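K.L.:
This one is upload.pdb, PDB, C-alpha atoms and all ligand atoms.
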```
ATOM      1  CA  MET R   1      13.919-172.074 -12.461
ATOM      2  CA  ARG R   2      17.624-171.584 -11.846
ATOM      3  CA  TYR R   3      19.094-172.391  -8.455
ATOM      4  CA  LEU R   4      22.508-171.535  -7.040
ATOM      5  CA  ILE R   5      23.681-174.472  -4.941
ATOM      6  CA  PHE R   6      26.380-173.564  -2.441
ATOM      7  CA  SER R   7      27.759-174.814   0.841
ATOM      8  CA  ASP R   8      30.408-174.475   3.553
ATOM      9  CA  ILE R   9      31.350-170.794   3.351
ATOM     10  CA  HIS R  10      32.983-170.979   6.789
ATOM     11  CA  GLY R  11      33.365-167.257   7.379
ATOM     12  CA  ASN R  12      35.275-166.646   4.152
ATOM     13  CA  LEU R  13      33.795-163.398   2.821
ATOM     14  CA  GLU R  14      36.250-163.084  -0.079
ATOM     15  CA  ALA R  15      35.260-166.506  -1.451
ATOM     16  CA  LEU R  16      31.537-165.779  -1.016
ATOM     17  CA  GLU R  17      31.815-162.416  -2.793
ATOM     18  CA  ALA R  18      33.684-164.022  -5.693
ATOM     19  CA  VAL R  19      30.905-166.580  -6.171
ATOM     20  CA  LEU R  20      28.117-163.994  -5.920
ATOM     21  CA  ASN R  21      29.978-161.772  -8.334
ATOM     22  CA  GLU R  22      30.359-164.555 -10.876
ATOM     23  CA  VAL R  23      26.701-165.563 -10.741
ATOM     24  CA  LYS R  24      25.464-162.005 -11.279
ATOM     25  CA  ARG R  25      25.699-162.711 -15.006
ATOM     26  CA  LYS R  26      24.055-166.125 -14.742
ATOM     27  CA  ARG R  27      20.489-165.270 -13.596
ATOM     28  CA  ILE R  28      19.616-167.015 -10.351
ATOM     29  CA  ASP R  29      16.001-167.404  -9.140
ATOM     30  CA  TYR R  30      16.727-169.120  -5.824
ATOM     31  CA  PHE R  31      19.733-169.539  -3.572
ATOM     32  CA  LEU R  32      20.017-172.926  -1.838
ATOM     33  CA  PHE R  33      22.591-173.053   0.952
ATOM     34  CA  LEU R  34      23.661-176.353   2.513
ATOM     35  CA  GLY R  35      25.118-175.288   5.849
ATOM     36  CA  ASP R  36      28.215-173.975   7.640
ATOM     37  CA  LEU R  37      28.083-170.241   7.134
ATOM     38  CA  ILE R  38      30.771-169.742   9.758
ATOM     39  CA  GLY R  39      33.639-171.464  11.586
ATOM     40  CA  TYR R  40      37.330-171.359  10.397
ATOM     41  CA  GLY R  41      37.241-167.985   8.604
ATOM     42  CA  ALA R  42      37.660-164.500  10.026
ATOM     43  CA  SER R  43      34.497-162.831   8.670
ATOM     44  CA  PRO R  44      31.496-164.534  10.317
ATOM     45  CA  ASN R  45      29.463-161.320  10.804
ATOM     46  CA  GLU R  46      30.167-160.061   7.307
ATOM     47  CA  VAL R  47      29.229-163.407   5.738
ATOM     48  CA  ILE R  48      25.883-163.610   7.549
ATOM     49  CA  LYS R  49      25.163-159.957   6.765
ATOM     50  CA  ARG R  50      25.790-160.614   3.061
ATOM     51  CA  ILE R  51      23.691-163.799   3.081
ATOM     52  CA  LEU R  52      20.799-161.839   4.594
ATOM     53  CA  THR R  53      20.823-159.516   1.572
ATOM     54  CA  LEU R  54      19.936-162.440  -0.702
ATOM     55  CA  LYS R  55      16.247-162.698  -1.355
ATOM     56  CA  LYS R  56      14.684-166.062  -2.141
ATOM     57  CA  ILE R  57      17.161-168.097  -0.173
ATOM     58  CA  PHE R  58      16.640-171.421   1.550
ATOM     59  CA  LEU R  59      19.190-172.557   4.127
ATOM     60  CA  VAL R  60      19.863-175.532   6.359
ATOM     61  CA  ARG R  61      22.197-175.453   9.327
ATOM     62  CA  GLY R  62      25.639-177.038   9.447
ATOM     63  CA  ASN R  63      27.551-178.534  12.372
ATOM     64  CA  HIS R  64      29.658-175.368  12.814
ATOM     65  CA  ASP R  65      26.533-173.182  12.769
ATOM     66  CA  LYS R  66      25.082-175.331  15.552
ATOM     67  CA  ALA R  67      28.231-175.371  17.662
ATOM     68  CA  VAL R  68      28.803-171.611  17.437
ATOM     69  CA  CYS R  69      25.276-170.733  18.575
ATOM     70  CA  GLY R  70      25.309-173.221  21.442
ATOM     71  CA  LEU R  71      23.045-175.912  19.950
ATOM     72  CA  ASP R  72      25.905-178.404  19.995
ATOM     73  CA  SER R  73      29.057-178.898  22.051
ATOM     74  CA  ILE R  74      32.539-178.557  20.570
ATOM     75  CA  GLN R  75      33.591-181.989  21.833
ATOM     76  CA  THR R  76      33.318-183.686  18.451
ATOM     77  CA  PHE R  77      35.559-181.090  16.786
ATOM     78  CA  ASN R  78      39.326-181.357  16.334
ATOM     79  CA  PRO R  79      41.392-178.827  18.353
ATOM     80  CA  ILE R  80      41.861-176.379  15.478
ATOM     81  CA  ALA R  81      38.180-176.421  14.513
ATOM     82  CA  ALA R  82      37.199-176.120  18.185
ATOM     83  CA  SER R  83      39.391-173.071  18.712
ATOM     84  CA  ALA R  84      37.906-171.455  15.596
ATOM     85  CA  ILE R  85      34.440-172.089  17.011
ATOM     86  CA  GLU R  86      35.435-170.488  20.343
ATOM     87  CA  TRP R  87      36.816-167.480  18.454
ATOM     88  CA  THR R  88      33.627-167.188  16.384
ATOM     89  CA  ARG R  89      31.442-167.405  19.506
ATOM     90  CA  LYS R  90      33.356-164.488  21.014
ATOM     91  CA  ASN R  91      33.242-162.371  17.887
ATOM     92  CA  LEU R  92      29.758-163.037  16.568
ATOM     93  CA  GLN R  93      27.128-160.324  17.027
ATOM     94  CA  ALA R  94      24.193-161.397  19.225
ATOM     95  CA  LYS R  95      21.616-160.871  16.437
ATOM     96  CA  TYR R  96      23.514-163.299  14.223
ATOM     97  CA  GLU R  97      23.734-165.852  17.019
ATOM     98  CA  SER R  98      19.938-165.949  17.147
ATOM     99  CA  PHE R  99      19.819-166.114  13.355
ATOM    100  CA  LEU R 100      21.988-169.260  13.502
ATOM    101  CA  GLN R 101      19.792-170.735  16.234
ATOM    102  CA  GLY R 102      16.778-170.351  13.951
ATOM    103  CA  LEU R 103      18.274-172.148  10.945
ATOM    104  CA  PRO R 104      16.338-175.300  10.033
ATOM    105  CA  LYS R 105      17.713-178.778  10.265
ATOM    106  CA  GLY R 106      17.843-180.684   6.968
ATOM    107  CA  PRO R 107      16.453-182.346   5.006
ATOM    108  CA  LEU R 108      14.456-179.419   3.737
ATOM    109  CA  ILE R 109      12.288-180.042   0.676
ATOM    110  CA  ILE R 110      12.067-177.286  -1.945
ATOM    111  CA  HIS R 111       9.425-177.160  -4.698
ATOM    112  CA  GLN R 112       8.649-180.893  -4.207
ATOM    113  CA  GLU R 113      11.737-181.707  -6.225
ATOM    114  CA  ILE R 114      14.859-180.921  -4.225
ATOM    115  CA  SER R 115      16.047-181.970  -0.773
ATOM    116  CA  LEU R 116      18.699-179.975   1.043
ATOM    117  CA  CYS R 117      20.844-181.374   3.831
ATOM    118  CA  HIS R 118      24.205-180.589   5.384
ATOM    119  CA  GLY R 119      25.659-184.054   6.047
ATOM    120  CA  ALA R 120      23.202-186.793   5.125
ATOM    121  CA  PRO R 121      19.409-187.016   4.955
ATOM    122  CA  PHE R 122      19.378-189.459   7.880
ATOM    123  CA  ASP R 123      21.841-187.511  10.057
ATOM    124  CA  GLU R 124      22.785-183.877   9.500
ATOM    125  CA  ASP R 125      26.284-184.464  10.947
ATOM    126  CA  TYR R 126      27.130-187.605   8.954
ATOM    127  CA  TYR R 127      29.808-187.461   6.214
ATOM    128  CA  ILE R 128      28.819-189.108   2.935
ATOM    129  CA  PHE R 129      32.090-190.548   1.711
ATOM    130  CA  GLY R 130      31.590-193.238  -0.889
ATOM    131  CA  GLU R 131      28.906-195.314  -2.485
ATOM    132  CA  PHE R 132      28.090-197.337   0.617
ATOM    133  CA  ASP R 133      27.002-194.144   2.423
ATOM    134  CA  ALA R 134      25.200-192.931  -0.693
ATOM    135  CA  VAL R 135      23.071-196.096  -0.885
ATOM    136  CA  GLU R 136      21.978-195.499   2.713
ATOM    137  CA  ALA R 137      21.283-191.833   1.954
ATOM    138  CA  PHE R 138      19.138-192.623  -1.108
ATOM    139  CA  SER R 139      16.882-194.801   1.031
ATOM    140  CA  PHE R 140      15.929-191.663   3.025
ATOM    141  CA  ILE R 141      15.475-189.254   0.114
ATOM    142  CA  GLU R 142      11.947-188.521  -1.105
ATOM    143  CA  THR R 143      12.820-186.310  -4.070
ATOM    144  CA  PRO R 144      14.615-186.956  -7.389
ATOM    145  CA  LEU R 145      17.397-184.613  -6.331
ATOM    146  CA  CYS R 146      19.224-184.115  -3.057
ATOM    147  CA  PHE R 147      22.023-181.654  -2.423
ATOM    148  CA  PHE R 148      24.435-182.070   0.481
ATOM    149  CA  GLY R 149      27.615-180.476   1.816
ATOM    150  CA  HIS R 150      29.865-181.125   4.818
ATOM    151  CA  THR R 151      32.675-183.085   3.069
ATOM    152  CA  HIS R 152      33.883-180.075   1.035
ATOM    153  CA  PHE R 153      34.332-182.278  -2.081
ATOM    154  CA  PRO R 154      32.322-181.755  -5.306
ATOM    155  CA  PHE R 155      30.720-185.113  -5.938
ATOM    156  CA  ILE R 156      27.863-186.744  -7.840
ATOM    157  CA  TYR R 157      26.125-189.971  -6.827
ATOM    158  CA  VAL R 158      23.631-191.390  -9.308
ATOM    159  CA  GLU R 159      21.082-194.061  -8.470
ATOM    160  CA  LYS R 160      19.868-195.855 -11.576
ATOM    161  CA  ASP R 161      18.509-199.371 -12.061
ATOM    162  CA  GLN R 162      19.179-200.006  -8.375
ATOM    163  CA  GLN R 163      22.879-199.251  -8.808
ATOM    164  CA  VAL R 164      24.680-196.336  -7.165
ATOM    165  CA  GLU R 165      27.729-194.799  -8.768
ATOM    166  CA  GLY R 166      29.872-191.950  -7.452
ATOM    167  CA  THR R 167      31.987-189.468  -9.418
ATOM    168  CA  PHE R 168      34.421-186.902  -8.028
ATOM    169  CA  ILE R 169      34.156-183.696 -10.072
ATOM    170  CA  GLN R 170      37.577-182.304 -10.899
ATOM    171  CA  GLU R 171      36.725-180.392 -14.058
ATOM    172  CA  SER R 172      35.444-176.849 -14.045
ATOM    173  CA  PRO R 173      33.065-176.049 -15.507
ATOM    174  CA  PHE R 174      31.513-179.504 -15.581
ATOM    175  CA  GLU R 175      28.009-180.167 -16.847
ATOM    176  CA  LEU R 176      25.698-182.965 -15.767
ATOM    177  CA  LYS R 177      22.502-183.713 -17.673
ATOM    178  CA  LEU R 178      19.904-185.353 -15.439
ATOM    179  CA  GLU R 179      18.422-188.545 -16.818
ATOM    180  CA  LYS R 180      14.807-189.594 -16.432
ATOM    181  CA  GLY R 181      14.334-192.407 -13.961
ATOM    182  CA  ALA R 182      17.604-191.698 -12.146
ATOM    183  CA  ARG R 183      18.013-190.032  -8.753
ATOM    184  CA  TYR R 184      20.870-187.783  -7.748
ATOM    185  CA  LEU R 185      22.768-186.961  -4.588
ATOM    186  CA  ILE R 186      25.054-184.038  -5.247
ATOM    187  CA  ASN R 187      27.684-182.047  -3.386
ATOM    188  CA  PRO R 188      28.661-178.719  -5.024
ATOM    189  CA  GLY R 189      31.930-178.556  -3.014
ATOM    190  CA  SER R 190      32.856-175.818  -0.554
ATOM    191  CA  VAL R 191      32.824-172.062  -1.136
ATOM    192  CA  GLY R 192      35.157-171.041   1.666
ATOM    193  CA  GLN R 193      37.384-174.014   2.408
ATOM    194  CA  PRO R 194      37.739-176.453  -0.516
ATOM    195  CA  ARG R 195      39.572-179.658   0.410
ATOM    196  CA  ASP R 196      40.070-181.237  -3.012
ATOM    197  CA  ARG R 197      43.409-179.500  -3.723
ATOM    198  CA  ASP R 198      41.733-176.883  -5.905
ATOM    199  CA  PRO R 199      41.754-173.718  -3.776
ATOM    200  CA  ARG R 200      39.096-171.917  -5.835
ATOM    201  CA  ALA R 201      35.594-171.450  -4.416
ATOM    202  CA  ALA R 202      33.210-174.211  -5.530
ATOM    203  CA  TYR R 203      29.511-173.912  -6.389
ATOM    204  CA  ALA R 204      26.917-175.317  -8.783
ATOM    205  CA  ILE R 205      23.869-174.108 -10.689
ATOM    206  CA  TYR R 206      20.809-176.266 -11.286
ATOM    207  CA  ASP R 207      18.481-175.359 -14.134
ATOM    208  CA  SER R 208      15.169-177.157 -13.661
ATOM    209  CA  GLN R 209      14.029-176.339 -17.238
ATOM    210  CA  THR R 210      16.994-177.815 -19.065
ATOM    211  CA  LYS R 211      17.591-180.441 -16.329
ATOM    212  CA  LYS R 212      21.263-179.562 -16.196
ATOM    213  CA  ILE R 213      23.577-179.024 -13.259
ATOM    214  CA  LYS R 214      26.770-177.161 -13.887
ATOM    215  CA  PHE R 215      29.721-177.190 -11.482
ATOM    216  CA  TYR R 216      31.972-174.145 -11.300
ATOM    217  CA  ARG R 217      35.076-172.853  -9.507
ATOM    218  CA  ALA R 218      35.647-169.155  -8.818
ATOM    219  CA  LYS R 219      39.023-167.555  -8.197
ATOM    220  CA  TYR R 220      39.088-165.264  -5.196
ATOM    221  CA  ASP R 221      41.472-163.117  -3.160
ATOM    222  CA  ILE R 222      42.961-165.884  -1.010
ATOM    223  CA  ASN R 223      45.724-163.605   0.339
ATOM    224  CA  ARG R 224      43.186-161.240   1.811
ATOM    225  CA  ALA R 225      41.223-164.052   3.494
ATOM    226  CA  GLN R 226      44.487-165.452   4.892
ATOM    227  CA  LYS R 227      45.646-162.074   6.171
ATOM    228  CA  LYS R 228      42.380-161.609   8.063
ATOM    229  CA  ILE R 229      42.715-165.062   9.675
ATOM    230  CA  LEU R 230      46.246-164.268  10.866
ATOM    231  CA  GLU R 231      45.296-160.785  12.100
ATOM    232  CA  ALA R 232      42.380-162.279  14.022
ATOM    233  CA  LYS R 233      44.844-164.672  15.707
ATOM    234  CA  LEU R 234      42.944-167.704  14.526
ATOM    235  CA  PRO R 235      45.166-170.816  14.104
ATOM    236  CA  SER R 236      47.630-170.125  11.251
ATOM    237  CA  ALA R 237      46.924-173.581   9.754
ATOM    238  CA  LEU R 238      43.495-172.239   8.776
ATOM    239  CA  ALA R 239      45.191-169.607   6.615
ATOM    240  CA  GLU R 240      47.757-171.997   5.122
ATOM    241  CA  ARG R 241      45.240-174.591   4.028
ATOM    242  CA  LEU R 242      43.288-172.074   1.920
ATOM    243  CA  SER R 243      46.082-171.685  -0.630
ATOM    244  CA  LEU R 244      46.556-175.454  -0.840
ATOM    245  CA  GLY R 245      42.862-176.287  -1.058
ATOM    246  CA  ILE R 246      43.033-178.854   1.739
TER     247      ILE R 246
HETATM  248 ZN    ZN R 301      32.004-177.538   6.566
END
```
Once you've parsed the file, please lay out its structure as structure tokens.
P.N.:
Amino acid sequence: MRYLIFSDIHGNLEALEAVLNEVKRKRIDYFLFLGDLIGYGASPNEVIKRILTLKKIFLVRGNHDKAVCGLDSIQTFNPIAASAIEWTRKNLQAKYESFLQGLPKGPLIIHQEISLCHGAPFDEDYYIFGEFDAVEAFSFIETPLCFFGHTHFPFIYVEKDQQVEGTFIQESPFELKLEKGARYLINPGSVGQPRDRDPRAAYAIYDSQTKKIKFYRAKYDINRAQKKILEAKLPSALAERLSLGI
């Protein structure tokens, strides 16, 4: 089985389309999405509409998804993120608001082998930054593999012989071969708002036959996504950061 692992689209239709376009040639059996369809970008309706065309998709909700549909307050968000959430609330179609409300909370277990969560398996809003957090996360994971998002950084944590080691993935493509007896906690990076200074859309593909996970970056029309943000009168910083990948 081949799985597309993707996260944090944040209303960036151009980035999403670039990823889906690239994977057309790569045969995908299931789409696994790790949360934050919307928030920041100017195309929330278009992104959800496109996601709904994907068959065989499993999704968990992100903190922005929750805040936009009223399941969470905007108090924990910084002013720019909060104003983007307000804008998205105003512009989101009602049918998509109820779609967001129905998204499951992670961890979600797929095919007895994979866990999906947005932040961490013990708290969907928690940021896993570093090995200390990863050790805690592994103690809650019941599968050999867990995928997470939320930090917008492509990252691998391996647990082997009771040691946990983290690696930031800067290469693209980058291939990881899963070892027997090890467990993995993996972030594919962000589709719509990468923060690792590489502005290209990030995603990964897991092949359960070959036991390989490959990390990719897709170029997309950043100018167009930025133009839409400015035209929508969202904070201009949200447009600027896309070309810097921060
Ligand atoms: Zn996010």
K.L.:
Which residues come within 9 Å of Pro121 (chain R), counting all atoms listed in the file, excluding same-chain residues fewer than 4 positions away, as a PyMOL selection string?
P.N.:
chain R and resi 106-107+115-117+126+137-138+140-141+146+148
K.L.:
Output the selection as an mmCIF file, in the coordinates of the input - C-alpha atoms for each residue.
P.N.:
```cif
data_model
loop_
_atom_site.group_PDB
_atom_site.id
_atom_site.type_symbol
_atom_site.label_atom_id
_atom_site.label_comp_id
_atom_site.auth_asym_id
_atom_site.auth_seq_id
_atom_site.Cartn_x
_atom_site.Cartn_y
_atom_site.Cartn_z
ATOM 1 C CA GLY R 106 17.843 -180.684 6.968
ATOM 2 C CA PRO R 107 16.453 -182.346 5.006
ATOM 3 C CA SER R 115 16.047 -181.970 -0.773
ATOM 4 C CA LEU R 116 18.699 -179.975 1.043
ATOM 5 C CA CYS R 117 20.844 -181.374 3.831
ATOM 6 C CA TYR R 126 27.130 -187.605 8.954
ATOM 7 C CA ALA R 137 21.283 -191.833 1.954
ATOM 8 C CA PHE R 138 19.138 -192.623 -1.108
ATOM 9 C CA PHE R 140 15.929 -191.663 3.025
ATOM 10 C CA ILE R 141 15.475 -189.254 0.114
ATOM 11 C CA CYS R 146 19.224 -184.115 -3.057
ATOM 12 C CA PHE R 148 24.435 -182.070 0.481
#
```
K.L.:
Please, which residues have at least one atom within 6 Å of an atom of ligand ZN 301 (chain R), using only C-alpha atoms and all ligand atoms, listed as a list in words?
P.N.:
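The neighbouring residues of ligand ZN 301 (chain R) are, in order, Asp8, Asp36 and His150 of chain R.
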K.L.:
Would you kindly identify which residues have an atom no farther than 12 Å from (21.2, -164.6, 12.6), using all atoms listed in the file and the file's own coordinates, and write them out as an MDAnalysis selection string?
P.N.:
chainID R and resid 37:38 44:52 59 61 65:66 68:69 92:103
K.L.:
I need the residue set behind the PyMOL selection byres (((chain R and resi 34) around 6) and not hetatm) for this file; please write it as an NGL selection string.
P.N.:
:R and (7 or 33 or 35 or 60 or 117-118 or 149)
K.L.:
Would you work out the distance separating CA of Asn187 (chain R) from CA of Phe58 (chain R), expressed in Å to one decimal?
P.N.:
16.1 Å
K.L.:
Take the PyMOL selection byres (((chain R and resi 202-207) around 8) and not hetatm), apply it to the structure above, and return the hits as a count of residues only.
P.N.:
27
K.L.:
Hey, which of R:Phe77, R:Phe132, R:Trp87, R:Phe31 ends up closest to Gly11 (chain R)? Count all atoms listed in the file.
P.N.:
R:Trp87
K.L.:
Starting from 5 Å padding per side, set up an axis-aligned box that covers all listed atoms of region 86-97 of chain R and hand over centre and edge lengths in Å, one decimal, as AutoDock Vina command-line options.
P.N.:
```
--center_x 29.2 --center_y -165.4 --center_z 17.6 --size_x 25.2 --size_y 20.2 --size_z 16.8
```
K.L.:
Every residue with an atom at most 10 Å from (41.8, -174.2, -5.7) (file coordinates; all atoms listed in the file) is what I'm after, so could you write them as a PyMOL selection string?
P.N.:
chain R and resi 193-202+217-220+222+242-246
K.L.:
Work out how far CA of Ile85 (chain R) is from CA of Leu238 (chain R), in Å to one decimal.
P.N.:
12.2 Å
K.L.:
Selected by the PyMOL selection byres (((chain R and resi 227-237) around 10) and not hetatm) in the shown coordinates: which residues, as a list in words?
P.N.:
Gly11, Asn12, Tyr40, Gly41, Ala42, Ser43, Pro79, Ile80, Ala81, Ser83, Ala84, Ile85, Glu86, Trp87, Thr88, Asn91, Ile222, Asn223, Arg224, Ala225, Gln226, Leu238, Ala239, Glu240, Arg241 and Leu242 of chain R
K.L.:
Residues within 6 Å of Ile186 (chain R), please, as a list in words. Count only C-alpha atoms; anything in the same chain fewer than 6 positions from it doesn't count.
P.N.:
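Everything that qualifies: Phe147, Phe155 and Ile156 of chain R.
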K.L.:
To one decimal in Å, tell me the separation between CA of Gly181 (chain R) and CA of Ala120 (chain R).
P.N.:
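So the answer is 21.8 Å.
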K.L.:
Quick one: residues within 9 Å of Glu165 (chain R), only C-alpha atoms, excluding same-chain residues fewer than 2 positions away - as a list in words?
P.N.:
Gly130, Glu131, Ala134, Ile156, Tyr157, Val158, Glu159, Lys160, Gln163 and Thr167 of chain R
K.L.:
May I have the residues from that selection written out with C-alpha atoms, as a PDB file, in the frame of the given file?
P.N.:
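Here's the written file part-v1.pdb:
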```pdb
ATOM      1  CA  GLY R 130      31.590-193.238  -0.889  1.00  0.00           C
ATOM      2  CA  GLU R 131      28.906-195.314  -2.485  1.00  0.00           C
ATOM      3  CA  ALA R 134      25.200-192.931  -0.693  1.00  0.00           C
ATOM      4  CA  ILE R 156      27.863-186.744  -7.840  1.00  0.00           C
ATOM      5  CA  TYR R 157      26.125-189.971  -6.827  1.00  0.00           C
ATOM      6  CA  VAL R 158      23.631-191.390  -9.308  1.00  0.00           C
ATOM      7  CA  GLU R 159      21.082-194.061  -8.470  1.00  0.00           C
ATOM      8  CA  LYS R 160      19.868-195.855 -11.576  1.00  0.00           C
ATOM      9  CA  GLN R 163      22.879-199.251  -8.808  1.00  0.00           C
ATOM     10  CA  THR R 167      31.987-189.468  -9.418  1.00  0.00           C
TER      11      THR R 167
END
```
K.L.:
Restricting the calculation to all atoms listed in the file: of R:Leu71, R:Ile9, R:Val23, R:Ile109, which residue gets closest to Pro144 (chain R)?
P.N.:
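Selected residue with least distance to Pro144 (chain R): R:Ile109.
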